[in-house]
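**Student:** Contents are mmCIF, C-alpha atoms; file name model_31.cif:
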data_target
#
loop_
_atom_site.label_atom_id
_atom_site.label_comp_id
_atom_site.auth_asym_id
_atom_site.auth_seq_id
_atom_site.Cartn_x
_atom_site.Cartn_y
_atom_site.Cartn_z
CA MET A 296 11.91 25.78 -17.86
CA ARG A 297 11.30 29.39 -18.80
CA ILE A 298 13.61 31.42 -16.55
CA ALA A 299 13.22 35.18 -16.18
CA PHE A 300 16.57 36.81 -15.47
CA TYR A 301 15.80 40.21 -13.97
CA ASN A 302 18.41 42.98 -13.73
CA HIS A 303 17.41 46.41 -12.42
CA THR A 304 20.00 48.32 -14.48
CA SER A 305 21.28 48.27 -18.05
CA ALA A 306 24.83 49.28 -17.05
CA ILE A 307 27.50 46.60 -17.44
CA SER A 308 29.66 45.45 -14.54
CA GLY A 309 30.92 42.09 -13.31
CA ALA A 310 27.44 41.05 -12.13
CA GLU A 311 25.93 41.64 -15.56
CA ILE A 312 28.77 39.82 -17.34
CA SER A 313 28.26 36.82 -15.07
CA LEU A 314 24.51 36.92 -15.74
CA LEU A 315 25.03 36.85 -19.51
CA LEU A 316 27.53 34.01 -19.33
CA THR A 317 25.25 31.95 -17.10
CA ALA A 318 22.23 32.47 -19.35
CA LYS A 319 24.28 31.63 -22.43
CA HIS A 320 25.39 28.26 -21.00
CA LEU A 321 22.07 26.99 -19.64
CA GLU A 322 21.26 23.64 -21.25
CA LYS A 323 17.86 22.69 -19.82
CA SER A 324 16.28 26.12 -19.49
CA HIS A 325 15.10 28.92 -21.75
CA PRO A 326 16.39 32.24 -20.36
CA ILE A 327 14.54 35.52 -20.91
CA LEU A 328 16.35 38.67 -19.83
CA PHE A 329 14.22 41.46 -18.32
CA ALA A 330 16.09 44.78 -17.95
CA PRO A 331 15.94 48.44 -18.97
CA GLU A 332 16.96 49.18 -22.55
CA GLY A 333 20.71 49.74 -22.87
CA GLU A 334 24.04 48.01 -23.16
CA LEU A 335 22.99 44.90 -21.24
CA LEU A 336 20.11 44.10 -23.58
CA GLN A 337 22.26 44.91 -26.60
CA ARG A 338 24.82 42.34 -25.51
CA ALA A 339 22.09 39.82 -24.75
CA ARG A 340 20.65 40.20 -28.23
CA SER A 341 24.10 39.68 -29.77
CA LEU A 342 24.27 36.37 -27.88
CA GLY A 343 20.89 35.32 -29.27
CA LEU A 344 19.07 35.60 -25.92
CA GLU A 345 15.40 36.54 -25.70
CA VAL A 346 14.93 39.93 -24.03
CA VAL A 347 12.11 42.06 -22.65
CA ALA A 348 12.79 45.78 -22.21
CA LEU A 349 11.57 47.41 -18.99
CA PRO A 350 11.02 51.05 -18.03
CA SER A 351 14.11 52.39 -16.29
CA PHE A 352 13.81 53.45 -12.67
CA ARG A 353 16.53 54.09 -10.09
CA ALA A 354 15.73 54.82 -6.46
CA ARG A 355 18.34 56.25 -4.10
CA MET A 356 18.66 56.45 -0.34
CA THR A 357 17.76 59.95 0.80
CA LYS A 358 16.79 61.86 3.96
CA ASN A 359 14.47 64.13 1.97
CA PRO A 360 10.94 62.90 2.88
CA LEU A 361 9.40 64.12 -0.40
CA LEU A 362 12.02 62.38 -2.52
CA LEU A 363 11.72 59.27 -0.38
CA VAL A 364 7.98 59.09 -1.06
CA ILE A 365 8.59 59.60 -4.78
CA TYR A 366 11.22 56.84 -4.85
CA VAL A 367 9.00 54.41 -2.94
CA MET A 368 6.06 55.07 -5.25
CA GLY A 369 8.35 54.64 -8.24
CA MET A 370 9.61 51.30 -6.92
CA LEU A 371 6.07 50.08 -6.37
CA TRP A 372 5.07 51.10 -9.88
CA ALA A 373 8.14 49.42 -11.39
CA GLY A 374 7.56 46.28 -9.32
CA TRP A 375 3.94 46.09 -10.48
CA ARG A 376 4.95 46.47 -14.13
CA LEU A 377 7.52 43.72 -13.65
CA ALA A 378 4.92 41.38 -12.12
CA LEU A 379 2.54 42.00 -15.03
CA LEU A 380 5.26 41.22 -17.58
CA MET A 381 6.20 38.01 -15.75
CA LYS A 382 2.59 36.82 -16.02
CA GLN A 383 2.32 37.87 -19.66
CA ASN A 384 5.50 36.02 -20.64
CA ARG A 385 4.48 32.84 -18.79
CA VAL A 386 7.78 32.30 -17.02
CA ASP A 387 8.27 29.51 -14.47
CA LEU A 388 10.79 31.19 -12.17
CA ILE A 389 12.37 34.61 -11.55
CA HIS A 390 16.15 34.83 -11.13
CA ALA A 391 16.90 38.25 -9.60
CA ASN A 392 20.49 39.30 -10.31
CA SER A 393 21.05 41.45 -7.20
CA ILE A 394 19.57 42.35 -3.84
CA ARG A 395 17.76 45.32 -5.36
CA ALA A 396 16.41 43.14 -8.16
CA GLY A 397 15.28 40.60 -5.57
CA ILE A 398 13.34 43.27 -3.68
CA MET A 399 11.64 44.40 -6.89
CA ALA A 400 10.76 40.82 -7.88
CA GLY A 401 9.40 40.05 -4.41
CA LEU A 402 7.18 43.12 -3.98
CA PHE A 403 4.23 41.59 -5.85
CA ARG A 404 4.92 37.90 -5.46
CA TRP A 405 1.39 37.58 -4.07
CA TYR A 406 0.26 38.42 -7.62
CA HIS A 407 2.68 36.58 -9.92
CA ARG A 408 3.09 33.61 -7.49
CA LEU A 409 6.39 32.54 -9.06
CA PRO A 410 9.42 31.16 -7.25
CA VAL A 411 12.00 33.92 -6.79
CA VAL A 412 15.76 33.27 -6.59
CA TRP A 413 17.99 36.04 -5.24
CA HIS A 414 21.53 36.01 -6.63
CA LEU A 415 23.69 37.73 -4.02
CA ARG A 416 26.70 39.25 -5.79
CA ASP A 417 27.65 41.89 -3.21
CA MET A 418 28.10 41.93 0.54
CA PRO A 419 24.61 42.33 2.08
CA PRO A 420 23.97 45.58 3.95
CA GLN A 421 24.34 45.65 7.71
CA GLY A 422 22.56 47.60 10.44
CA TYR A 423 18.89 48.54 10.26
CA MET A 424 18.73 48.25 6.47
CA GLY A 425 20.31 44.80 6.65
CA LYS A 426 17.63 43.65 9.12
CA LEU A 427 14.88 44.82 6.77
CA VAL A 428 16.48 43.03 3.81
CA ARG A 429 16.79 39.77 5.77
CA LYS A 430 13.17 39.94 6.88
CA PHE A 431 11.99 40.65 3.33
CA VAL A 432 14.09 37.95 1.71
CA GLY A 433 12.85 35.45 4.30
CA ARG A 434 9.27 36.11 3.20
CA THR A 435 9.70 36.37 -0.58
CA ALA A 436 12.68 34.29 -1.78
CA GLN A 437 12.54 30.54 -2.32
CA ALA A 438 16.33 30.31 -2.78
CA LEU A 439 19.43 32.48 -2.41
CA ILE A 440 22.59 31.99 -4.44
CA GLY A 441 25.76 33.43 -2.90
CA ILE A 442 28.91 33.88 -4.98
CA SER A 443 31.10 33.16 -1.94
CA GLU A 444 30.88 31.83 1.61
CA SER A 445 31.59 35.36 2.81
CA VAL A 446 28.52 36.71 1.01
CA ILE A 447 26.32 33.91 2.36
CA GLN A 448 27.50 34.54 5.90
CA GLY A 449 26.46 38.17 5.47
CA ILE A 450 22.83 37.20 4.80
CA ASP A 451 22.68 34.20 7.13
CA HIS A 452 19.55 34.33 9.25
CA PRO A 453 17.06 31.77 10.66
CA SER A 454 14.44 33.05 8.19
CA VAL A 455 16.49 31.78 5.21
CA SER A 456 17.74 28.57 6.80
CA GLY A 457 18.15 25.81 4.22
CA ARG A 458 17.63 28.14 1.27
CA CYS A 459 21.21 29.39 0.72
CA HIS A 460 23.33 27.87 -2.04
CA LEU A 461 27.02 28.52 -2.73
CA VAL A 462 27.73 28.88 -6.45
CA HIS A 463 30.99 30.55 -7.39
CA ASN A 464 31.11 32.72 -10.49
CA GLY A 465 32.51 30.99 -13.54
CA VAL A 466 34.39 32.15 -16.62
CA GLU A 467 34.64 30.94 -20.19
CA LEU A 468 37.90 29.05 -20.24
CA ARG A 469 39.59 30.17 -23.43
CA SER A 470 43.21 29.26 -23.92
CA PHE A 471 45.61 30.76 -26.46
CA ASN A 472 48.56 28.90 -27.90
CA THR A 473 52.07 30.35 -27.61
CA GLU A 474 52.01 32.03 -30.99
CA VAL A 475 48.61 33.67 -30.43
CA ARG A 476 49.57 34.77 -26.91
CA GLN A 477 52.68 36.48 -28.26
CA GLU A 478 50.64 38.24 -30.95
CA ILE A 479 48.13 39.45 -28.33
CA ARG A 480 50.91 40.60 -26.02
CA GLU A 481 52.60 42.63 -28.73
CA ARG A 482 49.34 44.11 -30.03
CA ILE A 483 48.02 45.19 -26.61
CA ARG A 484 51.35 46.63 -25.51
CA LEU A 485 51.66 48.57 -28.75
CA GLU A 486 48.13 49.94 -28.30
CA LEU A 487 48.83 50.94 -24.70
CA ARG A 488 52.24 52.43 -25.52
CA THR A 489 54.04 49.97 -23.27
CA PRO A 490 57.61 48.79 -24.00
CA LYS A 491 57.89 45.10 -24.91
CA GLU A 492 60.55 44.45 -22.27
CA ALA A 493 58.70 46.18 -19.39
CA ARG A 494 57.15 44.14 -16.57
CA VAL A 495 53.46 45.02 -16.50
CA LEU A 496 51.27 45.07 -13.39
CA ALA A 497 47.52 45.30 -14.00
CA ILE A 498 44.62 46.06 -11.67
CA ILE A 499 41.24 45.47 -13.28
CA GLY A 500 37.82 46.53 -12.00
CA GLN A 501 35.44 49.38 -11.33
CA ILE A 502 37.15 52.55 -10.14
CA ALA A 503 35.77 52.90 -6.61
CA PRO A 504 37.18 53.65 -3.15
CA TRP A 505 36.55 50.11 -1.89
CA LYS A 506 38.59 48.72 -4.79
CA ARG A 507 41.61 50.59 -3.32
CA GLN A 508 43.49 51.26 -6.55
CA GLU A 509 45.60 53.74 -4.57
CA ASP A 510 47.30 50.79 -2.85
CA ALA A 511 48.47 49.47 -6.21
CA ILE A 512 49.82 52.92 -7.09
CA GLU A 513 51.76 53.23 -3.83
CA ALA A 514 53.28 49.74 -4.14
CA PHE A 515 54.15 50.48 -7.76
CA ALA A 516 55.87 53.74 -6.76
CA SER A 517 58.17 51.74 -4.48
CA LEU A 518 59.15 49.52 -7.40
CA VAL A 519 59.87 52.53 -9.60
CA ARG A 520 62.15 54.00 -6.92
CA GLU A 521 64.18 50.79 -7.22
CA ASP A 522 64.83 51.67 -10.90
CA ARG A 523 62.79 48.75 -12.17
CA ASN A 524 61.43 48.75 -15.71
CA VAL A 525 57.76 48.44 -14.71
CA VAL A 526 54.42 49.77 -15.93
CA LEU A 527 51.02 49.82 -14.18
CA TRP A 528 47.77 49.45 -16.11
CA ILE A 529 44.62 50.59 -14.27
CA ILE A 530 41.73 49.02 -16.16
CA GLY A 531 38.19 50.18 -15.41
CA GLU A 532 35.92 53.19 -15.22
CA ALA A 533 34.22 55.21 -12.51
CA LYS A 534 30.46 54.77 -12.72
CA PHE A 535 27.26 54.33 -10.69
CA ARG A 536 28.20 56.99 -8.08
CA GLN A 537 29.69 60.50 -8.04
CA GLU A 538 32.07 59.44 -5.28
CA ASN A 539 33.64 57.01 -7.77
CA GLU A 540 34.28 59.84 -10.21
CA ARG A 541 35.87 61.89 -7.44
CA TYR A 542 37.99 58.89 -6.49
CA LEU A 543 39.27 58.63 -10.07
CA ASP A 544 40.32 62.29 -9.88
CA THR A 545 42.15 61.52 -6.62
CA LEU A 546 43.99 58.60 -8.21
CA GLN A 547 45.08 60.69 -11.17
CA GLU A 548 46.32 63.43 -8.84
CA LYS A 549 48.28 60.85 -6.83
CA VAL A 550 49.97 59.57 -10.00
CA LYS A 551 50.85 63.13 -10.96
CA SER A 552 52.25 63.98 -7.52
CA LEU A 553 54.47 60.88 -7.64
CA ASN A 554 55.74 61.79 -11.15
CA LEU A 555 54.44 58.50 -12.55
CA GLU A 556 52.42 59.80 -15.50
CA ASP A 557 54.67 58.08 -18.02
CA LYS A 558 54.46 54.72 -16.19
CA VAL A 559 50.82 54.51 -15.04
CA LEU A 560 48.09 54.21 -17.65
CA PHE A 561 44.36 54.65 -16.98
CA THR A 562 42.69 52.74 -19.83
CA GLY A 563 39.03 53.12 -18.91
CA PHE A 564 36.63 50.21 -19.39
CA ARG A 565 37.77 47.38 -21.67
CA GLU A 566 35.95 44.27 -22.81
CA ASP A 567 39.10 42.30 -23.69
CA VAL A 568 39.98 41.32 -20.12
CA LEU A 569 41.44 37.94 -21.08
CA GLU A 570 43.71 39.60 -23.63
CA ILE A 571 44.78 42.18 -21.05
CA CYS A 572 45.65 39.32 -18.68
CA CYS A 573 47.69 37.64 -21.43
CA SER A 574 49.64 40.84 -21.92
CA ALA A 575 50.36 41.57 -18.24
CA ASP A 576 52.95 39.86 -16.02
CA LEU A 577 51.00 40.13 -12.78
CA LEU A 578 47.45 40.94 -11.68
CA LEU A 579 46.76 42.88 -8.49
CA LEU A 580 43.50 42.89 -6.54
CA CYS A 581 43.53 45.40 -3.68
CA SER A 582 39.83 45.48 -2.76
CA ASP A 583 38.47 45.90 0.73
CA ASN A 584 36.40 42.75 1.31
CA GLU A 585 35.88 41.72 -2.33
CA PRO A 586 32.67 39.65 -2.56
CA PHE A 587 34.33 37.16 -4.90
CA GLY A 588 36.96 38.29 -7.40
CA ARG A 589 35.96 37.17 -10.86
CA VAL A 590 38.97 38.89 -12.47
CA ILE A 591 41.27 36.65 -10.41
CA ILE A 592 39.89 33.60 -12.21
CA GLU A 593 40.20 35.32 -15.58
CA ALA A 594 43.88 36.05 -14.89
CA MET A 595 44.52 32.54 -13.56
CA SER A 596 42.93 31.01 -16.66
CA GLN A 597 45.56 32.76 -18.76
CA GLY A 598 48.47 31.77 -16.54
CA THR A 599 48.92 35.26 -15.10
CA PRO A 600 49.96 35.17 -11.41
CA VAL A 601 47.79 37.06 -8.92
CA VAL A 602 48.40 38.95 -5.69
CA GLY A 603 45.11 39.70 -3.91
CA THR A 604 43.76 40.80 -0.56
CA ARG A 605 43.02 38.30 2.18
CA GLY A 606 39.33 38.99 2.69
CA GLY A 607 35.83 38.42 1.32
CA GLY A 608 35.67 35.64 -1.24
CA VAL A 609 39.31 35.85 -2.37
CA PRO A 610 40.56 33.02 -0.07
CA GLU A 611 38.03 30.72 -1.77
CA ILE A 612 39.91 31.24 -5.05
CA ILE A 613 43.59 31.68 -4.17
CA GLN A 614 45.59 29.02 -2.36
CA HIS A 615 48.25 31.18 -0.74
CA GLY A 616 51.71 30.29 -2.00
CA GLU A 617 50.37 27.74 -4.48
CA SER A 618 48.06 29.45 -6.97
CA GLY A 619 48.73 33.05 -5.90
CA PHE A 620 49.59 35.27 -2.96
CA MET A 621 47.32 37.07 -0.50
CA TYR A 622 48.15 40.04 1.71
CA THR A 623 46.43 41.97 4.48
CA ILE A 624 44.08 44.67 3.18
CA GLY A 625 45.84 48.05 3.12
CA ASN A 626 49.30 46.66 3.96
CA ILE A 627 51.37 48.26 1.17
CA GLU A 628 54.65 46.83 2.42
CA GLU A 629 53.31 43.28 2.32
CA LEU A 630 51.81 43.84 -1.12
CA THR A 631 55.12 45.16 -2.44
CA HIS A 632 56.97 42.19 -0.96
CA TYR A 633 54.82 39.68 -2.85
CA ILE A 634 55.07 41.67 -6.08
CA ARG A 635 58.87 41.55 -5.83
CA GLN A 636 58.76 37.83 -5.10
CA VAL A 637 56.73 37.09 -8.22
CA LEU A 638 58.70 39.38 -10.54
CA ASP A 639 62.17 38.41 -9.28
CA ASP A 640 61.86 34.62 -9.08
CA GLU A 641 61.10 32.81 -12.34
CA ILE A 642 60.35 29.57 -10.50
CA VAL A 643 57.76 31.30 -8.31
CA TRP A 644 56.20 32.99 -11.36
CA SER A 645 56.02 29.69 -13.29
CA THR A 646 54.61 27.76 -10.31
CA LEU A 647 51.84 30.28 -9.68
CA SER A 648 51.10 30.46 -13.40
CA HIS A 649 50.72 26.68 -13.79
CA ASN A 650 48.81 26.09 -10.56
CA GLY A 651 46.49 29.02 -11.22
CA GLN A 652 45.54 27.67 -14.64
CA GLU A 653 44.82 24.23 -13.21
CA ARG A 654 42.69 25.63 -10.39
CA ALA A 655 40.64 27.77 -12.79
CA LYS A 656 39.93 24.72 -14.98
CA GLU A 657 39.02 22.46 -12.06
CA ARG A 658 36.84 24.81 -10.01
CA PHE A 659 35.64 27.87 -11.89
CA SER A 660 34.33 27.14 -15.39
CA ILE A 661 31.05 28.77 -16.45
CA VAL A 662 29.75 25.33 -17.45
CA GLN A 663 29.98 24.17 -13.83
CA THR A 664 28.32 27.36 -12.61
CA SER A 665 25.38 27.05 -15.01
CA GLN A 666 24.86 23.37 -14.17
CA LYS A 667 24.70 24.12 -10.43
CA ILE A 668 22.22 26.94 -10.98
CA GLU A 669 19.99 24.79 -13.19
CA LEU A 670 19.95 22.13 -10.48
CA ILE A 671 18.58 24.76 -8.07
CA TYR A 672 15.85 25.62 -10.60
CA GLN A 673 14.92 21.96 -10.95
CA GLN A 674 14.74 21.47 -7.19
CA LEU A 675 12.44 24.48 -6.77
CA LEU A 676 10.15 23.60 -9.65
CA ALA A 677 9.99 19.90 -8.79
CA ARG A 678 8.01 20.63 -5.63
CA PRO A 679 5.02 22.09 -7.49
CA GLY A 680 5.62 19.60 -10.30
CA VAL A 681 2.00 18.90 -11.17
CA GLU A 682 1.27 22.61 -11.44
CA LEU A 683 4.27 23.07 -13.74
CA LEU A 684 3.13 20.22 -16.01
CA GLU A 685 -0.33 21.75 -16.18
CA GLN A 686 1.16 25.11 -17.20
CA GLN A 687 3.19 23.43 -19.94
CA SER A 688 0.10 21.57 -21.22
CA VAL A 689 -1.86 24.80 -21.43
CA ARG A 690 0.97 26.41 -23.45
CA GLU A 691 0.99 23.50 -25.90
CA MET A 692 -2.78 23.78 -26.40
CA VAL A 693 -2.46 27.52 -26.98
#
Mind turning this structure into structure tokens?
**Tutor:**
Amino acid sequence: MRIAFYNHTSAISGAEISLLLTAKHLEKSHPILFAPEGELLQRARSLGLEVVALPSFRARMTKNPLLLVIYVMGMLWAGWRLALLMKQNRVDLIHANSIRAGIMAGLFRWYHRLPVVWHLRDMPPQGYMGKLVRKFVGRTAQALIGISESVIQGIDHPSVSGRCHLVHNGVELRSFNTEVRQEIRERIRLELRTPKEARVLAIIGQIAPWKRQEDAIEAFASLVREDRNVVLWIIGEAKFRQENERYLDTLQEKVKSLNLEDKVLFTGFREDVLEICCSADLLLLCSDNEPFGRVIIEAMSQGTPVVGTRGGGVPEIIQHGESGFMYTIGNIEELTHYIRQVLDDEIVWSTLSHNGQERAKERFSIVQTSQKIELIYQQLLARPGVELLEQQSVREMV
């Protein structure tokens, strides 16, 4: 099976990392990554994946009628180019890595006539735009993959009945022995100017208002007022939107106003997330309705306890009180309570650490994710099986 993975942007975020890992671990398929030239394709090449570079085009929502016409025309042009490339590269199926990618892949399905799979990695839009998306996906997508039950419920509609599949994100389960973990811990803490004996809280992810990093800062400030030897690492960068950059400025001003500059570190984007998790004592996830929470699994896999929000896909990962704690979104007092509980009770810390590792191994490996996705491919392509065999025969003759 020749599978076209289509991503509308070259910027790297959790969705793109998951795409690369899935493609890397496919066993019965040949993945080809279609995306604009940039970091995503560079990483794909380093993994030995076949790539096809696309012209870059980004449309935005606007009330300006002239700009709206320009954006629509640009989307149609980009969709047509994509359809042509799909035909030229003789792929069997298109795996669109987002809602926007799914729309682009479906625009000219009448021409390329390939099965299209939408991979839903964010909460689907609501309101009028949501209705349009549901109507379009019902007409153009042969399957939808949701990363959580919460995401699937957001797109649920009679037009896609029987086509939705739950496939949680997976991670590469790398474990470090005690000696290596200690070396990593010392190296990372030295690099980030963090005392060896300090208890480190980390929040990892894109800097954006819906990620609510300010909640972590406020809870951390309460701990500092108790004269605890604690440090907060804020891992991630503000990208994609100007409002994210403004939010980063707001966070930095909050840290300054609370006199926490020597205890809160903004690291920017880092690729060594597993090593960061090894070096921290606790991971925080404060998002408002997180679609899934991939970083939770990464922390669990390294035995780092997690406190996350009770919403979105998080309850599908964390078993409250067993493999982590969950709190009500925006409830700083509840968040602080669970942080204290983890840091102050060694038995609680050890229990969450052990149970989290076991849950990550049992439920969230990238091997399991890739196998489930390949099964969806096989089910879709089995229906037009004769046609697929004829295509393969033609390729062999060529």
**Student:** Would you translate the PyMOL selection byres ((chain A and resi 603-610) around 8) into the concrete set of residues it matches in this file, as a list in words?
**Tutor:** Ile442, Ser443, Glu444, Ser445, Val446, Leu579, Leu580, Cys581, Ser582, Asp583, Asn584, Glu585, Pro586, Phe587, Gly588, Val601, Val602, Glu611, Ile612, Ile613, Gln614, His615, Gly619, Phe620, Met621, Tyr622, Thr623 and Ile624 of chain A
**Student:** Can you turn the PyMOL selection byres ((chain A and resi 471-487) around 8) into a concrete residue list for this file, as an MDAnalysis selection string?
**Tutor:** chainID A and resid 469:470 488:491 560 570:571 573:575 597
**Student:** Would you put the residues from that selection into a file with C-alpha atoms, as a compact mmCIF listing (two decimals), keeping the file's coordinate frame?
**Tutor:**
# COMPACT_ATOMS: atom_id res chain seq x y z
CA ARG A 469 39.59 30.17 -23.43
CA SER A 470 43.21 29.26 -23.92
CA ARG A 488 52.24 52.43 -25.52
CA THR A 489 54.04 49.97 -23.27
CA PRO A 490 57.61 48.79 -24.00
CA LYS A 491 57.89 45.10 -24.91
CA LEU A 560 48.09 54.21 -17.65
CA GLU A 570 43.71 39.60 -23.63
CA ILE A 571 44.78 42.18 -21.05
CA CYS A 573 47.69 37.64 -21.43
CA SER A 574 49.64 40.84 -21.92
CA ALA A 575 50.36 41.57 -18.24
CA GLN A 597 45.56 32.76 -18.76
**Student:** So that I can see what lies close to Val412 of chain A, please list as a PDB file with C-alpha atoms, in the frame of the given file the residues with an atom at most 8 Å from it, counting only C-alpha atoms and leaving out residues fewer than 5 positions away in the same chain.
**Tutor:**
ATOM      1  CA  LEU A 388      10.790  31.190 -12.170  1.00  0.00           C
ATOM      2  CA  ILE A 389      12.370  34.610 -11.550  1.00  0.00           C
ATOM      3  CA  HIS A 390      16.150  34.830 -11.130  1.00  0.00           C
ATOM      4  CA  ALA A 391      16.900  38.250  -9.600  1.00  0.00           C
ATOM      5  CA  GLY A 397      15.280  40.600  -5.570  1.00  0.00           C
ATOM      6  CA  ALA A 436      12.680  34.290  -1.780  1.00  0.00           C
ATOM      7  CA  GLN A 437      12.540  30.540  -2.320  1.00  0.00           C
ATOM      8  CA  ALA A 438      16.330  30.310  -2.780  1.00  0.00           C
ATOM      9  CA  LEU A 439      19.430  32.480  -2.410  1.00  0.00           C
ATOM     10  CA  ILE A 440      22.590  31.990  -4.440  1.00  0.00           C
TER      11      ILE A 440
END
**Student:** So, counting all atoms listed in the file, which residue among A:Gly441, A:Pro504, A:Gly449, A:Gly369 is closest to Gly425 of chain A?
**Tutor:**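 Among the listed residues, A:Gly449 lies closest to Gly425 of chain A.
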**Student:** One decimal, in Å: what's the spacing between atom CA of Ser552 of chain A and atom CA of Phe564 of chain A?
**Tutor:**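 Separation of atom CA of Ser552 of chain A and atom CA of Phe564 of chain A: 24.0 Å.
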**Student:** Can I get a file of segment 400-436 of chain A from the given structure, C-alpha atoms kept, as a PDB file, in the first residue's frame?
**Tutor:**
ATOM      1  CA  ALA A 400      -7.473  16.471   0.052  1.00  0.00           C
ATOM      2  CA  GLY A 401     -11.238  16.261  -0.458  1.00  0.00           C
ATOM      3  CA  LEU A 402     -11.674  19.286  -2.728  1.00  0.00           C
ATOM      4  CA  PHE A 403     -10.794  17.367  -5.913  1.00  0.00           C
ATOM      5  CA  ARG A 404     -11.596  13.821  -4.897  1.00  0.00           C
ATOM      6  CA  TRP A 405     -13.794  13.632  -8.004  1.00  0.00           C
ATOM      7  CA  TYR A 406     -10.510  13.819  -9.945  1.00  0.00           C
ATOM      8  CA  HIS A 407      -8.037  11.691  -7.968  1.00  0.00           C
ATOM      9  CA  ARG A 408     -10.747   9.192  -6.829  1.00  0.00           C
ATOM     10  CA  LEU A 409      -8.647   7.976  -3.895  1.00  0.00           C
ATOM     11  CA  PRO A 410      -9.914   7.023  -0.442  1.00  0.00           C
ATOM     12  CA  VAL A 411      -9.328   9.896   1.973  1.00  0.00           C
ATOM     13  CA  VAL A 412      -8.756   9.409   5.719  1.00  0.00           C
ATOM     14  CA  TRP A 413      -9.101  12.439   7.992  1.00  0.00           C
ATOM     15  CA  HIS A 414      -6.957  12.279  11.133  1.00  0.00           C
ATOM     16  CA  LEU A 415      -8.696  14.492  13.697  1.00  0.00           C
ATOM     17  CA  ARG A 416      -6.065  15.780  16.128  1.00  0.00           C
ATOM     18  CA  ASP A 417      -7.912  18.855  17.440  1.00  0.00           C
ATOM     19  CA  MET A 418     -11.398  19.544  18.703  1.00  0.00           C
ATOM     20  CA  PRO A 419     -13.617  20.082  15.618  1.00  0.00           C
ATOM     21  CA  PRO A 420     -15.045  23.588  15.179  1.00  0.00           C
ATOM     22  CA  GLN A 421     -18.564  24.300  16.370  1.00  0.00           C
ATOM     23  CA  GLY A 422     -21.284  26.626  15.107  1.00  0.00           C
ATOM     24  CA  TYR A 423     -21.806  27.414  11.434  1.00  0.00           C
ATOM     25  CA  MET A 424     -18.247  26.475  10.463  1.00  0.00           C
ATOM     26  CA  GLY A 425     -18.610  23.157  12.272  1.00  0.00           C
ATOM     27  CA  LYS A 426     -21.776  22.356  10.291  1.00  0.00           C
ATOM     28  CA  LEU A 427     -19.961  23.028   7.016  1.00  0.00           C
ATOM     29  CA  VAL A 428     -17.033  20.815   8.046  1.00  0.00           C
ATOM     30  CA  ARG A 429     -19.359  17.942   9.003  1.00  0.00           C
ATOM     31  CA  LYS A 430     -21.231  18.188   5.715  1.00  0.00           C
ATOM     32  CA  PHE A 431     -17.978  18.244   3.732  1.00  0.00           C
ATOM     33  CA  VAL A 432     -16.371  15.371   5.608  1.00  0.00           C
ATOM     34  CA  GLY A 433     -19.534  13.314   5.143  1.00  0.00           C
ATOM     35  CA  ARG A 434     -19.196  13.666   1.369  1.00  0.00           C
ATOM     36  CA  THR A 435     -15.429  13.295   0.942  1.00  0.00           C
ATOM     37  CA  ALA A 436     -13.917  11.135   3.716  1.00  0.00           C
TER      38      ALA A 436
END
